[in-house]
Amino acid sequence: MATPPGRTARLRWLRRLRVRLRHLFYGKSVDAIRFRLGVIALDFLLIGFFIITPMVRDRPIFLVIDYVIAVIVAIDVSARALAAPHLSRWVRHPTFWVDLVVLATLLFPLWLANFAFLRVLRLWSLFHSDFFWETVARRYDNTRWEETSKALATLVTYLFIVTGFVYAFYARNHPNISGYIDALYFTVSTVTTTGFGDVVLPGPSGKLLSILIMLSGFTLFVRLAQALLRPNKVLFPCPDCGLMRHDLDAVHCKACGNLLNIPNDEI
């Protein structure tokens, strides 16, 4: 049975679009790099909007901006899906599910208003993506800078998610949390275990949540400190034993003694 001419034309157009998007997302040309830099710059603008959302949510123009951003995110997710070399592998990646959560809160802002704080996860997914490191910071890829940046992005994302959660579920039920700044103040003082005590969450559930925030937040602080203070190593898998971290000037693997050939751009 012959394929209708209209369908054939659409399939050809889709194939050409997929090839073009794959070049823009993964290519090495100047226009591809500029395209990816533009996407990353747009990501930072969206993340900035997500962070200030609780402070502008009551303004009349908020819904208009919200739906415009929903269209942008939907186009971005669709373009990445078309450009993905292995769609099934891309769908299983955590960043895809983060984008779906963000898109759901944008498409249904009135019904999912209490979960809008999850949009800040976009910050985590950006800094944990190869798309960012291979475009903006290729020379720092697989170095201490990457590890430190990821740890810092995780901590900042955590702070704003917890702040958004506290604001969404306690701001109208607790007199000491009257705004987003109060929720942020409580989160930072709790995570840093400063505990001034002027803002506390009510009831047993509030105390249990505060304990959880302290324990998990302190863990992220320790991880960031480790990334900053741990001796600088280069990530290079040993062909024999698989040890990943080696000294920058290592010639032999410390674990098995195998001769290494670590790439180095220094003369």
# chains A, B, ... in the order shown; residues from 1 in each chain; ligands from 1
>>> select_by_dssp(residues="range 137-176 of chain A", states="alpha helix (DSSP H)", output="list in words")
Arg144, Trp145, Glu146, Glu147, Thr148, Ser149, Lys150, Ala151, Leu152, Ala153, Thr154, Leu155, Val156, Thr157, Tyr158, Leu159, Phe160, Ile161, Val162, Thr163, Gly164, Phe165, Val166, Tyr167, Ala168, Phe169 and Tyr170 of chain A
>>> closest_atom_pairs(of="range 57-143 of chain A", to="range 30-39 of chain A", cutoff="8 Å", atoms="only C-alpha atoms", output="JSON lines")
{"residue": "A:Phe131", "atom": "CA", "partner": "A:Arg36", "partner_atom": "CA", "distance": 8.0}
{"residue": "A:Thr135", "atom": "CA", "partner": "A:Ile33", "partner_atom": "CA", "distance": 6.7}
{"residue": "A:Val136", "atom": "CA", "partner": "A:Leu37", "partner_atom": "CA", "distance": 7.2}
>>> residues_around(residues="range 108-116 of chain A", least_positions_apart="4", cutoff="8 Å", atoms="only C-alpha atoms", output="list in words")
Leu63, Asp66, Val102, Ala104, Gly164, Phe165, Ala168 and Phe169 of chain A
>>> write_last_selection(atoms="N, CA and C atoms", output="PDB file, in the first residue's frame")
ATOM      1  N   LEU A  63      -0.052  34.778  35.505  1.00  0.00           N
ATOM      2  CA  LEU A  63      -0.536  33.632  34.740  1.00  0.00           C
ATOM      3  C   LEU A  63      -0.118  33.713  33.274  1.00  0.00           C
ATOM      4  N   ASP A  66       3.428  32.754  33.154  1.00  0.00           N
ATOM      5  CA  ASP A  66       3.502  31.328  33.480  1.00  0.00           C
ATOM      6  C   ASP A  66       3.214  30.458  32.260  1.00  0.00           C
ATOM      7  N   VAL A 102       8.341  20.107  36.112  1.00  0.00           N
ATOM      8  CA  VAL A 102       8.312  21.561  35.909  1.00  0.00           C
ATOM      9  C   VAL A 102       7.201  21.949  34.943  1.00  0.00           C
ATOM     10  N   ALA A 104       4.450  20.306  34.251  1.00  0.00           N
ATOM     11  CA  ALA A 104       3.131  20.085  34.867  1.00  0.00           C
ATOM     12  C   ALA A 104       2.742  21.251  35.770  1.00  0.00           C
ATOM     13  N   GLY A 164      10.482  26.858  49.496  1.00  0.00           N
ATOM     14  CA  GLY A 164       9.187  26.833  48.819  1.00  0.00           C
ATOM     15  C   GLY A 164       8.187  25.932  49.517  1.00  0.00           C
ATOM     16  N   PHE A 165       8.659  24.794  50.006  1.00  0.00           N
ATOM     17  CA  PHE A 165       7.765  23.870  50.722  1.00  0.00           C
ATOM     18  C   PHE A 165       7.248  24.505  52.010  1.00  0.00           C
ATOM     19  N   ALA A 168       4.788  27.250  51.131  1.00  0.00           N
ATOM     20  CA  ALA A 168       3.513  26.776  50.582  1.00  0.00           C
ATOM     21  C   ALA A 168       2.616  26.164  51.651  1.00  0.00           C
ATOM     22  N   PHE A 169       3.184  25.485  52.633  1.00  0.00           N
ATOM     23  CA  PHE A 169       2.369  24.719  53.584  1.00  0.00           C
ATOM     24  C   PHE A 169       2.281  25.343  54.976  1.00  0.00           C
TER      25      PHE A 169
END
>>> residues_around(residues="Thr187 in chain A", least_positions_apart="3", cutoff="9 Å", atoms="only C-alpha atoms", output="number ranges by chain")
A: 159-160, 162-163, 166, 182-184, 190-192, 210, 213-214
>>> write_last_selection(atoms="N, CA, C and O atoms", output="PDB file, in the first residue's frame")
ATOM      1  N   LEU A 159      18.004  24.357  49.195  1.00  0.00           N
ATOM      2  CA  LEU A 159      17.556  25.477  50.021  1.00  0.00           C
ATOM      3  C   LEU A 159      16.269  26.092  49.489  1.00  0.00           C
ATOM      4  O   LEU A 159      15.329  26.365  50.254  1.00  0.00           O
ATOM      5  N   PHE A 160      16.202  26.296  48.175  1.00  0.00           N
ATOM      6  CA  PHE A 160      15.015  26.933  47.613  1.00  0.00           C
ATOM      7  C   PHE A 160      13.817  25.979  47.574  1.00  0.00           C
ATOM      8  O   PHE A 160      12.668  26.423  47.686  1.00  0.00           O
ATOM      9  N   VAL A 162      13.220  23.592  49.877  1.00  0.00           N
ATOM     10  CA  VAL A 162      12.728  23.572  51.251  1.00  0.00           C
ATOM     11  C   VAL A 162      12.021  24.879  51.585  1.00  0.00           C
ATOM     12  O   VAL A 162      10.962  24.891  52.216  1.00  0.00           O
ATOM     13  N   THR A 163      12.601  26.001  51.136  1.00  0.00           N
ATOM     14  CA  THR A 163      11.958  27.299  51.370  1.00  0.00           C
ATOM     15  C   THR A 163      10.576  27.342  50.736  1.00  0.00           C
ATOM     16  O   THR A 163       9.604  27.797  51.357  1.00  0.00           O
ATOM     17  N   VAL A 166       8.146  25.101  52.790  1.00  0.00           N
ATOM     18  CA  VAL A 166       7.741  25.745  54.046  1.00  0.00           C
ATOM     19  C   VAL A 166       6.773  26.890  53.774  1.00  0.00           C
ATOM     20  O   VAL A 166       5.764  27.052  54.467  1.00  0.00           O
ATOM     21  N   ASP A 182      10.633  35.152  55.163  1.00  0.00           N
ATOM     22  CA  ASP A 182      10.594  34.464  56.462  1.00  0.00           C
ATOM     23  C   ASP A 182      10.855  32.971  56.292  1.00  0.00           C
ATOM     24  O   ASP A 182      11.557  32.358  57.112  1.00  0.00           O
ATOM     25  N   ALA A 183      10.278  32.386  55.243  1.00  0.00           N
ATOM     26  CA  ALA A 183      10.503  30.957  54.991  1.00  0.00           C
ATOM     27  C   ALA A 183      11.964  30.690  54.647  1.00  0.00           C
ATOM     28  O   ALA A 183      12.557  29.700  55.102  1.00  0.00           O
ATOM     29  N   LEU A 184      12.573  31.581  53.844  1.00  0.00           N
ATOM     30  CA  LEU A 184      13.990  31.435  53.501  1.00  0.00           C
ATOM     31  C   LEU A 184      14.865  31.602  54.744  1.00  0.00           C
ATOM     32  O   LEU A 184      15.840  30.852  54.941  1.00  0.00           O
ATOM     33  N   THR A 190      17.923  26.869  59.918  1.00  0.00           N
ATOM     34  CA  THR A 190      17.779  25.475  60.302  1.00  0.00           C
ATOM     35  C   THR A 190      18.855  24.606  59.670  1.00  0.00           C
ATOM     36  O   THR A 190      19.463  23.763  60.333  1.00  0.00           O
ATOM     37  N   VAL A 191      19.108  24.810  58.368  1.00  0.00           N
ATOM     38  CA  VAL A 191      20.114  24.013  57.673  1.00  0.00           C
ATOM     39  C   VAL A 191      21.501  24.240  58.259  1.00  0.00           C
ATOM     40  O   VAL A 191      22.293  23.306  58.414  1.00  0.00           O
ATOM     41  N   THR A 192      21.807  25.481  58.619  1.00  0.00           N
ATOM     42  CA  THR A 192      23.114  25.790  59.206  1.00  0.00           C
ATOM     43  C   THR A 192      23.174  25.465  60.692  1.00  0.00           C
ATOM     44  O   THR A 192      24.206  25.688  61.325  1.00  0.00           O
ATOM     45  N   SER A 210      11.743  19.885  60.790  1.00  0.00           N
ATOM     46  CA  SER A 210      12.947  20.664  61.095  1.00  0.00           C
ATOM     47  C   SER A 210      14.149  19.748  61.285  1.00  0.00           C
ATOM     48  O   SER A 210      15.253  20.055  60.820  1.00  0.00           O
ATOM     49  N   ILE A 213      15.251  18.566  57.883  1.00  0.00           N
ATOM     50  CA  ILE A 213      15.932  19.645  57.159  1.00  0.00           C
ATOM     51  C   ILE A 213      17.362  19.805  57.662  1.00  0.00           C
ATOM     52  O   ILE A 213      18.300  19.955  56.876  1.00  0.00           O
ATOM     53  N   MET A 214      17.543  19.752  58.986  1.00  0.00           N
ATOM     54  CA  MET A 214      18.887  19.902  59.556  1.00  0.00           C
ATOM     55  C   MET A 214      19.815  18.780  59.110  1.00  0.00           C
ATOM     56  O   MET A 214      20.950  19.023  58.682  1.00  0.00           O
TER      57      MET A 214
END
>>> atom_distance(atom1="CA of Tyr180 in chain A", atom2="CA of Thr53 in chain A")
9.8 Å
>>> select_by_dssp(residues="range 93-259 of chain A", states="strand (DSSP E)", output="list in words")
Val234, Leu235, Arg245 and His246 of chain A
>>> write_last_selection(atoms="all heavy atoms", output="mmCIF file, in the first residue's frame")
data_model
loop_
_atom_site.group_PDB
_atom_site.id
_atom_site.type_symbol
_atom_site.label_atom_id
_atom_site.label_comp_id
_atom_site.auth_asym_id
_atom_site.auth_seq_id
_atom_site.Cartn_x
_atom_site.Cartn_y
_atom_site.Cartn_z
ATOM 1 N N VAL A 234 42.403 14.141 39.105
ATOM 2 C CA VAL A 234 41.869 14.100 37.752
ATOM 3 C C VAL A 234 41.109 12.789 37.584
ATOM 4 O O VAL A 234 41.514 11.752 38.114
ATOM 5 C CB VAL A 234 43.001 14.217 36.710
ATOM 6 C CG1 VAL A 234 43.965 13.048 36.802
ATOM 7 C CG2 VAL A 234 42.416 14.323 35.300
ATOM 8 N N LEU A 235 39.979 12.864 36.891
ATOM 9 C CA LEU A 235 39.181 11.666 36.645
ATOM 10 C C LEU A 235 39.674 10.989 35.370
ATOM 11 O O LEU A 235 39.539 11.530 34.273
ATOM 12 C CB LEU A 235 37.694 12.033 36.514
ATOM 13 C CG LEU A 235 37.017 12.564 37.777
ATOM 14 C CD1 LEU A 235 35.558 12.901 37.496
ATOM 15 C CD2 LEU A 235 37.103 11.549 38.908
ATOM 16 N N ARG A 245 40.210 8.194 40.245
ATOM 17 C CA ARG A 245 40.880 9.423 40.662
ATOM 18 C C ARG A 245 42.389 9.212 40.766
ATOM 19 O O ARG A 245 42.846 8.291 41.438
ATOM 20 C CB ARG A 245 40.324 9.903 42.005
ATOM 21 C CG ARG A 245 38.867 10.333 41.927
ATOM 22 C CD ARG A 245 38.382 10.880 43.256
ATOM 23 N NE ARG A 245 37.016 11.357 43.146
ATOM 24 C CZ ARG A 245 36.676 12.566 42.732
ATOM 25 N NH1 ARG A 245 37.620 13.435 42.418
ATOM 26 N NH2 ARG A 245 35.424 12.936 42.637
ATOM 27 N N HIS A 246 43.132 10.102 40.111
ATOM 28 C CA HIS A 246 44.588 10.050 40.141
ATOM 29 C C HIS A 246 45.133 11.452 40.331
ATOM 30 O O HIS A 246 44.454 12.454 40.055
ATOM 31 C CB HIS A 246 45.140 9.466 38.833
ATOM 32 C CG HIS A 246 44.604 8.108 38.500
ATOM 33 N ND1 HIS A 246 45.105 6.947 39.029
ATOM 34 C CD2 HIS A 246 43.576 7.732 37.683
ATOM 35 C CE1 HIS A 246 44.434 5.909 38.560
ATOM 36 N NE2 HIS A 246 43.498 6.357 37.747
#
